[in-house]
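*Asks:* The following file, model-v7.cif, comprises mmCIF, C-alpha atoms and all ligand atoms:
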data_model
loop_
_atom_site.label_atom_id
_atom_site.label_comp_id
_atom_site.auth_asym_id
_atom_site.auth_seq_id
_atom_site.Cartn_x
_atom_site.Cartn_y
_atom_site.Cartn_z
CA MET A 1 41.55 -12.34 12.10
CA LEU A 2 40.31 -9.02 10.82
CA GLU A 3 36.59 -9.55 11.28
CA GLY A 4 35.65 -9.99 14.90
CA MET A 5 32.43 -9.33 16.68
CA SER A 6 32.98 -5.57 16.72
CA GLU A 7 34.24 -4.73 13.21
CA PRO A 8 31.61 -3.43 10.77
CA PHE A 9 30.63 -6.16 8.33
CA SER A 10 31.49 -3.79 5.48
CA LYS A 11 35.18 -4.29 6.35
CA HIS A 12 34.94 -7.71 4.82
CA GLN A 13 35.11 -6.05 1.42
CA ASP A 14 38.44 -4.42 2.35
CA THR A 15 39.75 -7.78 3.54
CA ILE A 16 39.00 -9.39 0.19
CA TYR A 17 40.72 -6.56 -1.72
CA LEU A 18 43.76 -6.66 0.58
CA GLU A 19 44.04 -10.39 0.02
CA GLY A 20 43.85 -9.66 -3.70
CA LEU A 21 46.80 -7.31 -3.36
CA GLN A 22 48.77 -10.30 -2.03
CA GLY A 23 47.75 -12.25 -5.10
CA ARG A 24 45.06 -14.31 -3.38
CA ARG A 25 41.58 -14.63 -4.80
CA PRO A 26 38.58 -15.83 -2.77
CA GLU A 27 38.40 -19.62 -2.84
CA LEU A 28 34.67 -19.60 -2.35
CA ALA A 29 32.95 -18.36 -5.51
CA MET A 30 31.59 -14.82 -5.14
CA ALA A 31 28.62 -14.98 -7.53
CA TYR A 32 25.60 -17.00 -6.39
CA ASP A 33 25.37 -19.24 -9.47
CA GLN A 34 29.08 -20.03 -9.30
CA LEU A 35 28.81 -20.78 -5.59
CA LYS A 36 25.99 -23.19 -6.32
CA GLU A 37 28.12 -24.84 -8.99
CA GLN A 38 31.08 -25.12 -6.61
CA ALA A 39 28.83 -26.83 -4.07
CA ARG A 40 27.34 -29.11 -6.71
CA LYS A 41 30.75 -30.52 -7.52
CA LYS A 42 31.18 -31.58 -3.89
CA LEU A 43 27.79 -33.21 -3.49
CA ARG A 44 26.08 -36.42 -4.46
CA PRO A 45 23.61 -35.52 -7.24
CA SER A 46 20.67 -36.52 -5.02
CA ALA A 47 21.86 -34.20 -2.23
CA TYR A 48 22.42 -31.31 -4.63
CA ASP A 49 18.96 -31.70 -6.13
CA TYR A 50 17.37 -32.01 -2.70
CA VAL A 51 18.66 -28.53 -1.83
CA ALA A 52 18.43 -26.88 -5.23
CA GLY A 53 14.97 -28.15 -6.11
CA GLY A 54 11.45 -27.04 -5.37
CA ALA A 55 7.89 -28.19 -5.81
CA GLY A 56 6.50 -29.14 -9.22
CA SER A 57 7.73 -26.99 -12.09
CA GLU A 58 9.73 -24.84 -9.64
CA ASP A 59 7.67 -21.87 -10.76
CA THR A 60 7.41 -20.62 -7.16
CA MET A 61 11.19 -20.49 -6.86
CA GLN A 62 11.20 -18.33 -9.97
CA ALA A 63 8.39 -16.15 -8.60
CA ASN A 64 10.38 -15.59 -5.41
CA LEU A 65 13.31 -14.17 -7.36
CA GLU A 66 11.18 -12.18 -9.79
CA ALA A 67 9.30 -10.51 -6.95
CA PHE A 68 12.53 -8.82 -5.89
CA ARG A 69 13.25 -7.50 -9.38
CA ARG A 70 9.90 -5.71 -9.44
CA TRP A 71 11.03 -3.37 -6.66
CA ARG A 72 13.88 -0.91 -7.18
CA ILE A 73 15.85 0.99 -4.55
CA VAL A 74 15.91 4.77 -4.97
CA PRO A 75 19.21 5.81 -3.35
CA ARG A 76 19.36 9.11 -1.46
CA MET A 77 22.47 11.29 -1.40
CA MET A 78 24.38 13.51 1.03
CA ARG A 79 23.15 11.96 4.24
CA ASN A 80 25.58 11.12 7.01
CA VAL A 81 26.03 7.36 6.86
CA GLU A 82 29.46 7.10 8.43
CA GLU A 83 28.25 5.58 11.71
CA ARG A 84 26.07 2.56 11.08
CA ASP A 85 24.15 0.29 13.40
CA LEU A 86 22.69 -2.84 11.86
CA SER A 87 21.19 -4.18 15.07
CA VAL A 88 17.48 -4.88 15.40
CA LYS A 89 15.26 -5.78 18.34
CA LEU A 90 12.98 -8.79 18.02
CA LEU A 91 10.67 -9.16 21.00
CA GLU A 92 13.01 -8.57 23.94
CA ALA A 93 16.29 -9.54 22.32
CA THR A 94 18.75 -7.41 20.37
CA HIS A 95 20.15 -9.08 17.25
CA ARG A 96 23.45 -7.90 15.85
CA ALA A 97 22.06 -7.71 12.33
CA PRO A 98 18.66 -8.27 10.71
CA LEU A 99 19.67 -11.72 9.51
CA LEU A 100 19.06 -15.13 11.03
CA LEU A 101 19.93 -18.54 9.60
CA ALA A 102 16.82 -20.27 8.23
CA PRO A 103 16.04 -23.76 9.45
CA ILE A 104 17.47 -26.11 6.85
CA GLY A 105 17.03 -29.79 7.64
CA VAL A 106 19.25 -32.80 6.94
CA GLN A 107 22.53 -30.90 6.73
CA GLY A 108 24.34 -34.24 6.91
CA LEU A 109 23.63 -34.39 3.18
CA LEU A 110 25.84 -31.35 2.71
CA HIS A 111 28.82 -31.84 4.99
CA ASP A 112 30.10 -34.32 7.59
CA GLU A 113 29.99 -31.63 10.26
CA ALA A 114 26.40 -30.82 9.28
CA GLU A 115 24.50 -28.54 11.72
CA ARG A 116 27.50 -28.43 14.05
CA ALA A 117 29.45 -26.44 11.45
CA THR A 118 26.51 -24.11 10.82
CA ALA A 119 25.98 -23.51 14.53
CA ARG A 120 29.64 -22.63 15.07
CA ALA A 121 29.73 -20.32 12.04
CA ALA A 122 26.62 -18.44 13.21
CA ALA A 123 28.01 -18.24 16.74
CA SER A 124 31.33 -16.81 15.54
CA LEU A 125 29.41 -13.81 14.18
CA GLY A 126 26.81 -13.53 16.94
CA LEU A 127 23.96 -14.41 14.57
CA THR A 128 20.96 -16.53 15.52
CA TYR A 129 20.73 -20.03 14.08
CA ILE A 130 17.27 -21.59 13.76
CA LEU A 131 17.76 -25.34 14.09
CA SER A 132 15.32 -27.58 12.19
CA THR A 133 13.38 -30.38 13.87
CA ALA A 134 14.46 -32.47 10.86
CA ALA A 135 18.17 -32.05 11.56
CA SER A 136 21.04 -34.50 11.24
CA THR A 137 22.23 -33.31 14.67
CA SER A 138 20.24 -33.27 17.91
CA MET A 139 19.38 -29.99 19.57
CA GLU A 140 21.56 -30.87 22.59
CA GLU A 141 24.57 -31.46 20.35
CA VAL A 142 23.98 -28.21 18.50
CA ALA A 143 23.69 -26.32 21.79
CA ALA A 144 26.97 -27.84 22.96
CA GLN A 145 28.83 -26.45 19.93
CA ALA A 146 28.42 -22.89 21.13
CA PRO A 147 26.69 -22.78 24.51
CA GLN A 148 26.49 -18.97 24.62
CA ALA A 149 25.29 -18.47 21.05
CA PRO A 150 21.77 -17.25 20.30
CA ARG A 151 19.60 -20.05 18.89
CA TRP A 152 15.97 -20.76 18.07
CA PHE A 153 14.25 -24.07 17.44
CA GLN A 154 12.03 -24.75 14.43
CA LEU A 155 9.19 -27.14 15.21
CA TYR A 156 7.53 -29.58 12.88
CA TRP A 157 4.53 -30.01 15.14
CA PRO A 158 4.10 -33.76 15.75
CA ARG A 159 0.80 -35.60 16.06
CA ASP A 160 1.48 -36.80 19.61
CA PRO A 161 1.17 -33.97 22.17
CA GLU A 162 3.60 -35.77 24.44
CA LEU A 163 6.27 -35.82 21.75
CA THR A 164 5.56 -32.15 21.04
CA GLU A 165 5.93 -31.37 24.71
CA SER A 166 9.16 -33.34 24.89
CA PHE A 167 10.67 -31.46 21.90
CA LEU A 168 9.71 -28.13 23.44
CA LYS A 169 11.02 -29.06 26.86
CA ARG A 170 14.33 -30.21 25.39
CA ALA A 171 14.59 -26.99 23.37
CA GLU A 172 13.98 -24.87 26.45
CA GLU A 173 16.48 -26.85 28.49
CA SER A 174 19.10 -26.56 25.73
CA GLY A 175 18.85 -22.79 25.63
CA PHE A 176 16.78 -22.23 22.49
CA ALA A 177 15.16 -18.83 22.97
CA ALA A 178 12.16 -19.08 20.63
CA VAL A 179 10.21 -21.68 18.71
CA VAL A 180 9.33 -21.30 15.02
CA VAL A 181 6.38 -23.50 14.07
CA THR A 182 6.44 -24.30 10.37
CA LEU A 183 2.88 -24.35 9.05
CA ASP A 184 3.43 -25.09 5.37
CA THR A 185 4.79 -28.65 5.58
CA ARG A 186 1.88 -30.86 6.58
CA TYR A 187 3.01 -33.07 3.72
CA LEU A 188 6.22 -32.90 1.72
CA GLY A 189 5.64 -30.85 -1.43
CA TYR A 190 5.54 -32.64 -4.79
CA ARG A 191 9.25 -32.37 -5.59
CA VAL A 192 9.95 -33.56 -9.09
CA ARG A 193 13.74 -33.73 -8.81
CA ASP A 194 13.55 -35.93 -5.70
CA LEU A 195 10.76 -38.03 -7.19
CA SER A 196 12.85 -38.63 -10.32
CA ARG A 197 15.51 -40.19 -8.14
CA GLY A 198 13.07 -41.77 -5.70
CA PHE A 199 15.09 -39.88 -3.08
CA ASN A 200 13.65 -39.05 0.33
CA PRO A 201 16.40 -38.75 2.98
CA PHE A 202 14.00 -39.32 5.87
CA LEU A 203 13.13 -42.82 4.68
CA LYS A 204 16.77 -43.70 5.16
CA GLY A 205 16.69 -42.31 8.68
CA GLU A 206 18.62 -39.16 7.73
CA GLY A 207 17.58 -35.90 9.35
CA LEU A 208 15.88 -37.66 12.26
CA ALA A 209 18.42 -37.01 15.04
CA ASN A 210 15.93 -35.04 17.15
CA TYR A 211 13.39 -37.86 16.90
CA PHE A 212 15.78 -40.75 17.46
CA SER A 213 17.24 -39.07 20.55
CA ASP A 214 13.87 -38.25 22.08
CA PRO A 215 12.76 -40.27 25.13
CA VAL A 216 9.05 -40.07 24.25
CA PHE A 217 9.72 -41.07 20.62
CA ARG A 218 11.95 -43.95 21.69
CA ALA A 219 9.50 -45.21 24.28
CA ALA A 220 6.90 -45.73 21.56
CA LEU A 221 9.17 -48.02 19.48
CA PRO A 222 9.29 -51.83 19.61
CA ALA A 223 13.11 -51.62 19.60
CA PRO A 224 15.63 -48.74 19.67
CA PRO A 225 16.26 -47.00 16.28
CA GLU A 226 19.86 -48.28 16.35
CA GLU A 227 18.54 -51.85 16.26
CA ASP A 228 15.41 -51.44 14.19
CA PRO A 229 15.68 -48.32 12.02
CA GLU A 230 12.73 -49.35 9.84
CA SER A 231 10.21 -49.24 12.67
CA ALA A 232 11.70 -45.94 13.82
CA VAL A 233 11.26 -44.40 10.36
CA ARG A 234 7.69 -45.73 10.21
CA HIS A 235 6.93 -44.12 13.56
CA PHE A 236 8.48 -40.84 12.36
CA LEU A 237 6.24 -40.89 9.27
CA ALA A 238 3.18 -41.44 11.44
CA GLN A 239 4.21 -38.65 13.82
CA PHE A 240 5.66 -36.03 11.47
CA SER A 241 2.55 -33.89 11.12
CA ASP A 242 -1.16 -33.75 11.76
CA PRO A 243 -2.81 -32.19 8.70
CA SER A 244 -6.15 -31.89 10.51
CA MET A 245 -4.89 -29.22 12.89
CA ILE A 246 -6.50 -25.78 12.82
CA TRP A 247 -5.64 -22.37 14.31
CA ASP A 248 -7.47 -23.20 17.52
CA ASP A 249 -4.91 -25.92 18.26
CA PHE A 250 -2.38 -23.22 19.03
CA LYS A 251 -4.10 -22.83 22.37
CA THR A 252 -2.75 -26.24 23.38
CA LEU A 253 0.71 -25.48 22.01
CA ARG A 254 0.78 -22.24 23.97
CA GLU A 255 0.26 -24.24 27.15
CA LEU A 256 3.21 -26.51 26.37
CA THR A 257 5.90 -23.85 26.33
CA SER A 258 6.78 -20.48 27.75
CA LEU A 259 9.02 -19.70 24.75
CA PRO A 260 7.90 -17.04 22.27
CA ILE A 261 6.18 -18.68 19.27
CA PHE A 262 6.72 -17.60 15.66
CA VAL A 263 4.71 -19.19 12.85
CA LYS A 264 6.51 -19.76 9.55
CA GLY A 265 4.80 -19.94 6.18
CA VAL A 266 2.24 -17.15 6.46
CA LEU A 267 1.34 -15.61 3.07
CA HIS A 268 -2.32 -14.55 3.27
CA PRO A 269 -3.23 -11.47 5.35
CA GLU A 270 -6.18 -13.36 6.87
CA ASP A 271 -3.81 -16.06 8.12
CA ALA A 272 -1.72 -13.28 9.66
CA HIS A 273 -4.87 -12.11 11.47
CA ALA A 274 -5.66 -15.65 12.58
CA ALA A 275 -2.14 -16.07 13.94
CA LEU A 276 -2.46 -12.80 15.83
CA ASP A 277 -5.83 -13.90 17.24
CA VAL A 278 -4.44 -17.14 18.68
CA GLY A 279 -1.67 -15.22 20.40
CA VAL A 280 1.52 -16.07 18.50
CA ASP A 281 4.45 -13.74 19.09
CA GLY A 282 5.72 -13.30 15.55
CA LEU A 283 5.34 -14.29 11.91
CA VAL A 284 7.65 -15.58 9.21
CA VAL A 285 6.44 -14.69 5.73
CA SER A 286 7.78 -17.55 3.62
CA ASN A 287 6.83 -20.09 0.99
CA HIS A 288 9.56 -22.47 2.12
CA GLY A 289 11.81 -21.43 -0.76
CA GLY A 290 9.26 -22.70 -3.29
CA ARG A 291 9.54 -26.28 -2.01
CA GLN A 292 5.91 -26.78 -1.04
CA VAL A 293 3.30 -25.23 -3.36
CA ASP A 294 4.12 -24.93 -7.05
CA GLY A 295 2.60 -21.84 -8.64
CA SER A 296 2.42 -20.00 -5.33
CA VAL A 297 2.60 -16.27 -4.86
CA GLY A 298 6.19 -15.05 -4.55
CA ALA A 299 6.91 -14.57 -0.85
CA LEU A 300 7.93 -10.92 -1.26
CA GLU A 301 4.58 -10.16 -2.92
CA ALA A 302 2.84 -11.28 0.25
CA LEU A 303 5.06 -9.34 2.65
CA PRO A 304 3.56 -5.81 2.43
CA LYS A 305 0.04 -7.25 2.66
CA VAL A 306 0.88 -9.26 5.76
CA ARG A 307 2.54 -6.21 7.35
CA ALA A 308 -0.52 -4.08 6.56
CA ALA A 309 -2.76 -6.73 8.14
CA VAL A 310 -0.97 -6.87 11.49
CA GLY A 311 0.42 -3.34 11.69
CA ASP A 312 3.19 -2.96 14.24
CA SER A 313 1.69 -5.47 16.65
CA LEU A 314 4.12 -8.30 15.79
CA PRO A 315 7.65 -8.81 14.54
CA ILE A 316 7.71 -10.15 10.98
CA LEU A 317 10.57 -12.16 9.57
CA PHE A 318 10.89 -12.94 5.88
CA ASP A 319 12.50 -15.60 3.73
CA SER A 320 12.36 -17.19 0.27
CA GLY A 321 14.66 -15.67 -2.28
CA ILE A 322 17.15 -13.61 -0.24
CA ARG A 323 20.35 -13.73 -2.31
CA SER A 324 21.95 -10.30 -1.81
CA GLY A 325 22.19 -7.23 0.37
CA ALA A 326 19.77 -5.46 -1.98
CA ASP A 327 17.23 -8.24 -1.42
CA MET A 328 17.61 -7.79 2.32
CA LEU A 329 17.10 -4.04 2.01
CA LYS A 330 13.96 -4.50 -0.08
CA ALA A 331 12.43 -7.00 2.36
CA LEU A 332 13.13 -4.70 5.31
CA ALA A 333 11.68 -1.72 3.46
CA LEU A 334 8.52 -3.71 2.71
CA GLY A 335 7.85 -4.52 6.34
CA ALA A 336 10.18 -7.27 7.57
CA ASP A 337 12.06 -6.73 10.83
CA ALA A 338 14.70 -9.26 9.80
CA VAL A 339 15.26 -11.88 7.12
CA LEU A 340 16.24 -15.52 7.16
CA LEU A 341 19.02 -16.70 4.90
CA GLY A 342 18.44 -20.13 3.36
CA ARG A 343 20.07 -21.84 0.39
CA PRO A 344 23.12 -19.52 0.13
CA TYR A 345 24.52 -20.74 3.44
CA ALA A 346 23.70 -24.35 2.54
CA TRP A 347 25.97 -23.97 -0.51
CA GLY A 348 28.66 -22.42 1.67
CA LEU A 349 28.41 -25.43 4.01
CA ALA A 350 28.67 -27.88 1.13
CA ALA A 351 31.66 -26.11 -0.40
CA GLN A 352 33.71 -25.34 2.71
CA GLY A 353 32.00 -26.45 5.90
CA GLU A 354 32.00 -24.04 8.85
CA GLU A 355 34.33 -21.58 7.12
CA GLY A 356 32.07 -21.56 4.06
CA VAL A 357 28.97 -20.73 6.10
CA ARG A 358 30.82 -17.97 7.96
CA GLU A 359 32.11 -16.51 4.71
CA ILE A 360 28.63 -16.46 3.15
CA LEU A 361 27.17 -14.74 6.22
CA LEU A 362 29.96 -12.14 6.25
CA ARG A 363 29.54 -11.44 2.55
CA MET A 364 25.78 -11.10 2.80
CA LEU A 365 26.08 -8.60 5.64
CA ALA A 366 28.94 -6.68 4.02
CA ASP A 367 26.82 -6.37 0.89
CA PHE A 368 23.78 -5.32 2.95
CA GLU A 369 25.67 -2.74 4.99
CA LEU A 370 27.21 -1.15 1.91
CA THR A 371 23.91 -1.15 0.00
CA LEU A 372 22.19 0.41 3.01
CA ALA A 373 24.81 3.16 3.34
CA LEU A 374 25.03 3.84 -0.39
CA SER A 375 21.25 4.18 -0.46
CA GLY A 376 21.44 6.86 2.25
CA TYR A 377 20.54 4.91 5.41
CA SER A 378 22.53 4.05 8.50
CA SER A 379 20.22 1.59 10.26
CA PRO A 380 17.53 -0.94 9.31
CA GLY A 381 14.95 1.02 11.32
CA GLN A 382 15.16 3.91 8.84
CA LEU A 383 13.94 1.77 5.97
CA THR A 384 10.36 2.25 4.82
CA ARG A 385 8.46 1.70 1.61
CA GLN A 386 9.76 5.19 0.62
CA ALA A 387 13.20 3.66 0.04
CA LEU A 388 11.76 1.80 -2.97
CA THR A 389 9.78 2.29 -6.11
CA GLU A 390 7.95 -0.25 -8.24
CA ALA A 391 9.90 -0.91 -11.42
CA GLY A 392 8.56 1.31 -14.18
CA ALA A 393 6.42 3.43 -11.83
CA ALA A 394 6.02 6.99 -13.08
CA ASP A 395 6.81 8.66 -9.78
CA PHE A 396 8.55 8.01 -6.47
C1 LIG B 1 14.43 -25.90 3.92
N1 LIG B 1 13.48 -25.18 4.66
C2 LIG B 1 13.05 -25.68 5.87
N2 LIG B 1 12.14 -24.98 6.60
C3 LIG B 1 11.74 -25.44 7.81
O1 LIG B 1 10.92 -24.78 8.45
N3 LIG B 1 12.23 -26.62 8.30
C4 LIG B 1 13.13 -27.37 7.62
O2 LIG B 1 13.56 -28.42 8.07
C5 LIG B 1 13.53 -26.92 6.34
N4 LIG B 1 14.41 -27.64 5.58
C6 LIG B 1 14.88 -27.15 4.39
C7 LIG B 1 15.80 -27.88 3.67
C8 LIG B 1 16.33 -27.35 2.49
C9 LIG B 1 17.35 -28.14 1.73
C10 LIG B 1 15.92 -26.08 2.03
C11 LIG B 1 16.51 -25.46 0.79
C12 LIG B 1 14.97 -25.38 2.74
C13 LIG B 1 13.01 -23.86 4.21
C14 LIG B 1 13.92 -22.74 4.72
O3 LIG B 1 13.77 -22.56 6.09
C15 LIG B 1 13.58 -21.41 4.03
O4 LIG B 1 12.22 -21.14 4.17
C16 LIG B 1 13.96 -21.42 2.56
O5 LIG B 1 15.23 -22.00 2.37
C17 LIG B 1 13.95 -20.02 1.99
O6 LIG B 1 14.14 -20.04 0.61
P1 LIG B 1 15.55 -19.70 -0.09
O7 LIG B 1 15.85 -18.27 0.19
O8 LIG B 1 16.53 -20.64 0.51
O9 LIG B 1 15.32 -19.99 -1.53
#
Step by step, read the file and then write its structure as structure tokens.
Ligand code: FNR
*Replies:*
Amino acid sequence: MLEGMSEPFSKHQDTIYLEGLQGRRPELAMAYDQLKEQARKKLRPSAYDYVAGGAGSEDTMQANLEAFRRWRIVPRMMRNVEERDLSVKLLEATHRAPLLLAPIGVQGLLHDEAERATARAAASLGLTYILSTAASTSMEEVAAQAPQAPRWFQLYWPRDPELTESFLKRAEESGFAAVVVTLDTRYLGYRVRDLSRGFNPFLKGEGLANYFSDPVFRAALPAPPEEDPESAVRHFLAQFSDPSMIWDDFKTLRELTSLPIFVKGVLHPEDAHAALDVGVDGLVVSNHGGRQVDGSVGALEALPKVRAAVGDSLPILFDSGIRSGADMLKALALGADAVLLGRPYAWGLAAQGEEGVREILLRMLADFELTLALSGYSSPGQLTRQALTEAGAADF
């Protein structure tokens, strides 16, 4: 194995060329659209559409991608970029690269190994996996795949405080180092592709492993989920979220866990302020990959405004539209400390399981490292707004 934990990610490019010299071409498609197509062929149409689709007309998904095209990198020459360090510090912890795996629920739709494969792939590269509440695999099982690997837990904040407390306690006990509370999913977005098929995986009990394995959740059921899945699904639907919650409710959440709390789905600078005021530890600027509000602002458009609102007081993560190393560079230059990778690794999982996820992560970081170096930078910390210009701007 050429790529271990110490090789620069950029070496992955050499590996692919050397394989080519032996007459072997990459089995996993290199270009994003082809990768998506390769995954599509492996998936049930309902599963493919569940991942590929977004809310309404999918205009937000488009806006996410377009927002990146409006910024251009202005590469700088003749700087020493031979030694590179991609690591970043988030709160107390050092991350090997400014990339974490976004919480993507119901991975059982994509591959039999589901979140177990994703957890092992992330662990093999020392990257942090954010496990969804709505996973096909329980947090304890995910932790057992790679006990030493860095992992965070994404929380869909349930109605019942006791269930919330139980989720957080289990996460702490299973070695999850932070909790990411997703704010933008009080209801499922109006997803036309899923509606056309009448497809909602949760109604079939898929993606509910963390609920069905929870002692507090189970205690509230008339019979165990294994015997009476319908009642269990009904209880999940009643518990999933409490749309009446307001910022003040974070005070109670804060008391339920000692883990650092990130909030995911912040787009407006005033919400960033509000989050800061209630004492969260970090923000994730995201529009959930365009799956919630159709016609929303592209996530990257919000990023510099959110950074300006909170200054350097908090770490900011970013997702929604990261498809390349250049996208990563732009997000970091506009104020993110790290990005979350979403759909690309889901396609890797669908196409090739654990190996597919690992390959996608390696490629993304090889691309990022080379783009960084070729633009004149040797670490993420050197990136500022000065690395970019707005497309068509007269000066930079
Ligand atoms: C998601 N996302 C998500 N977010 C979250 O907080 N909890 C979850 O369970 C899920 N589940 C989920 C399933 C699928 C199929 C997708 C595609 C996305 C959102 C995810 O964390 C991230 O915000 C987006 O994927 C980012 O957009 P792109 O870059 O993937 O387009």
*Asks:* What lies within 9 Å of A:Pro215 using only C-alpha atoms, ignoring chain neighbours under 5 positions off, as an MDAnalysis selection string?
*Replies:* chainID A and resid 163 166 220
*Asks:* Distance limit 6 Å, reference ligand LIG 1 (chain B), atoms considered: only C-alpha atoms and all ligand atoms. Which residues make the cut? Give them as number ranges by chain.
*Replies:* A: 50-51, 102-105, 132, 134, 182, 286, 288-289, 319-322, 341-343
*Asks:* Mind writing the picked residues with C-alpha atoms as an mmCIF file, in the frame of the given file?
*Replies:*
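Listing of again-v6.cif after writing:
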data_model
loop_
_atom_site.group_PDB
_atom_site.id
_atom_site.type_symbol
_atom_site.label_atom_id
_atom_site.label_comp_id
_atom_site.auth_asym_id
_atom_site.auth_seq_id
_atom_site.Cartn_x
_atom_site.Cartn_y
_atom_site.Cartn_z
ATOM 1 C CA TYR A 50 17.370 -32.010 -2.700
ATOM 2 C CA VAL A 51 18.660 -28.530 -1.830
ATOM 3 C CA ALA A 102 16.820 -20.270 8.230
ATOM 4 C CA PRO A 103 16.040 -23.760 9.450
ATOM 5 C CA ILE A 104 17.470 -26.110 6.850
ATOM 6 C CA GLY A 105 17.030 -29.790 7.640
ATOM 7 C CA SER A 132 15.320 -27.580 12.190
ATOM 8 C CA ALA A 134 14.460 -32.470 10.860
ATOM 9 C CA THR A 182 6.440 -24.300 10.370
ATOM 10 C CA SER A 286 7.780 -17.550 3.620
ATOM 11 C CA HIS A 288 9.560 -22.470 2.120
ATOM 12 C CA GLY A 289 11.810 -21.430 -0.760
ATOM 13 C CA ASP A 319 12.500 -15.600 3.730
ATOM 14 C CA SER A 320 12.360 -17.190 0.270
ATOM 15 C CA GLY A 321 14.660 -15.670 -2.280
ATOM 16 C CA ILE A 322 17.150 -13.610 -0.240
ATOM 17 C CA LEU A 341 19.020 -16.700 4.900
ATOM 18 C CA GLY A 342 18.440 -20.130 3.360
ATOM 19 C CA ARG A 343 20.070 -21.840 0.390
#
*Asks:* I need the residue nearest A:Glu27 from this list: A:Val88, A:Ala394, A:Ala351, A:Val339. Use only C-alpha atoms for the distance.
*Replies:*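 Smallest distance to A:Glu27 is found for A:Ala351.
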*Asks:* Nearest to A:Thr185: which of A:Phe250, A:Tyr377, A:Phe240, A:Trp152 is it, counting only C-alpha atoms?
*Replies:* A:Phe240
*Asks:* I want to know what sits within 9 Å of A:Lys251, based on all atoms listed in the file, with residues of the same chain fewer than 3 positions away left out; could you give that as a list in words?
*Replies:*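 That gives Trp247, Asp248, Arg254, Glu255, Val278 and Gly279 of chain A.
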*Asks:* Compute the distance from (-3.1, -12.1, 5.0) to each atom, counting only C-alpha atoms, keep the residues with any atom at most 8 Å away, and return them as JSON, numbers by chain; use the coordinates of the file.
*Replies:* {"A": [266, 267, 268, 269, 270, 271, 272, 273, 302, 305, 306, 309]}
*Asks:* Now that the selection is made, can you save its residues with C-alpha atoms as a PDB file, in the coordinates of the input?
*Replies:*
ATOM      1  CA  VAL A 266       2.240 -17.150   6.460  1.00  0.00           C
ATOM      2  CA  LEU A 267       1.340 -15.610   3.070  1.00  0.00           C
ATOM      3  CA  HIS A 268      -2.320 -14.550   3.270  1.00  0.00           C
ATOM      4  CA  PRO A 269      -3.230 -11.470   5.350  1.00  0.00           C
ATOM      5  CA  GLU A 270      -6.180 -13.360   6.870  1.00  0.00           C
ATOM      6  CA  ASP A 271      -3.810 -16.060   8.120  1.00  0.00           C
ATOM      7  CA  ALA A 272      -1.720 -13.280   9.660  1.00  0.00           C
ATOM      8  CA  HIS A 273      -4.870 -12.110  11.470  1.00  0.00           C
ATOM      9  CA  ALA A 302       2.840 -11.280   0.250  1.00  0.00           C
ATOM     10  CA  LYS A 305       0.040  -7.250   2.660  1.00  0.00           C
ATOM     11  CA  VAL A 306       0.880  -9.260   5.760  1.00  0.00           C
ATOM     12  CA  ALA A 309      -2.760  -6.730   8.140  1.00  0.00           C
TER      13      ALA A 309
END
*Asks:* Between A:Phe167, A:Phe318, A:Tyr345, A:Phe368, which residue has the minimum interatomic distance to A:Glu115, considering only C-alpha atoms?
*Replies:*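 Closest to A:Glu115 of all the choices is A:Tyr345.
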*Asks:* Mind dumping stretch 54-74 of chain A from that block, keeping C-alpha atoms, as a PDB file, in the first residue's frame?
*Replies:*
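Once written, out_12.pdb looks like this:
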ATOM      1  CA  GLY A  54     -33.014  18.070  -3.342  1.00  0.00           C
ATOM      2  CA  ALA A  55     -35.944  20.196  -2.301  1.00  0.00           C
ATOM      3  CA  GLY A  56     -38.493  21.451  -4.832  1.00  0.00           C
ATOM      4  CA  SER A  57     -37.039  22.462  -8.180  1.00  0.00           C
ATOM      5  CA  GLU A  58     -33.522  21.683  -6.905  1.00  0.00           C
ATOM      6  CA  ASP A  59     -32.624  25.299  -7.535  1.00  0.00           C
ATOM      7  CA  THR A  60     -30.651  25.439  -4.262  1.00  0.00           C
ATOM      8  CA  MET A  61     -28.453  22.564  -5.381  1.00  0.00           C
ATOM      9  CA  GLN A  62     -27.710  24.573  -8.509  1.00  0.00           C
ATOM     10  CA  ALA A  63     -27.056  27.723  -6.474  1.00  0.00           C
ATOM     11  CA  ASN A  64     -24.566  25.815  -4.321  1.00  0.00           C
ATOM     12  CA  LEU A  65     -22.501  24.879  -7.366  1.00  0.00           C
ATOM     13  CA  GLU A  66     -22.817  28.263  -9.065  1.00  0.00           C
ATOM     14  CA  ALA A  67     -21.619  30.067  -5.945  1.00  0.00           C
ATOM     15  CA  PHE A  68     -18.238  28.377  -6.345  1.00  0.00           C
ATOM     16  CA  ARG A  69     -17.907  29.420  -9.989  1.00  0.00           C
ATOM     17  CA  ARG A  70     -18.297  33.069  -9.016  1.00  0.00           C
ATOM     18  CA  TRP A  71     -14.986  32.988  -7.144  1.00  0.00           C
ATOM     19  CA  ARG A  72     -11.695  32.422  -8.956  1.00  0.00           C
ATOM     20  CA  ILE A  73      -8.331  31.470  -7.481  1.00  0.00           C
ATOM     21  CA  VAL A  74      -5.447  33.803  -8.326  1.00  0.00           C
TER      22      VAL A  74
END
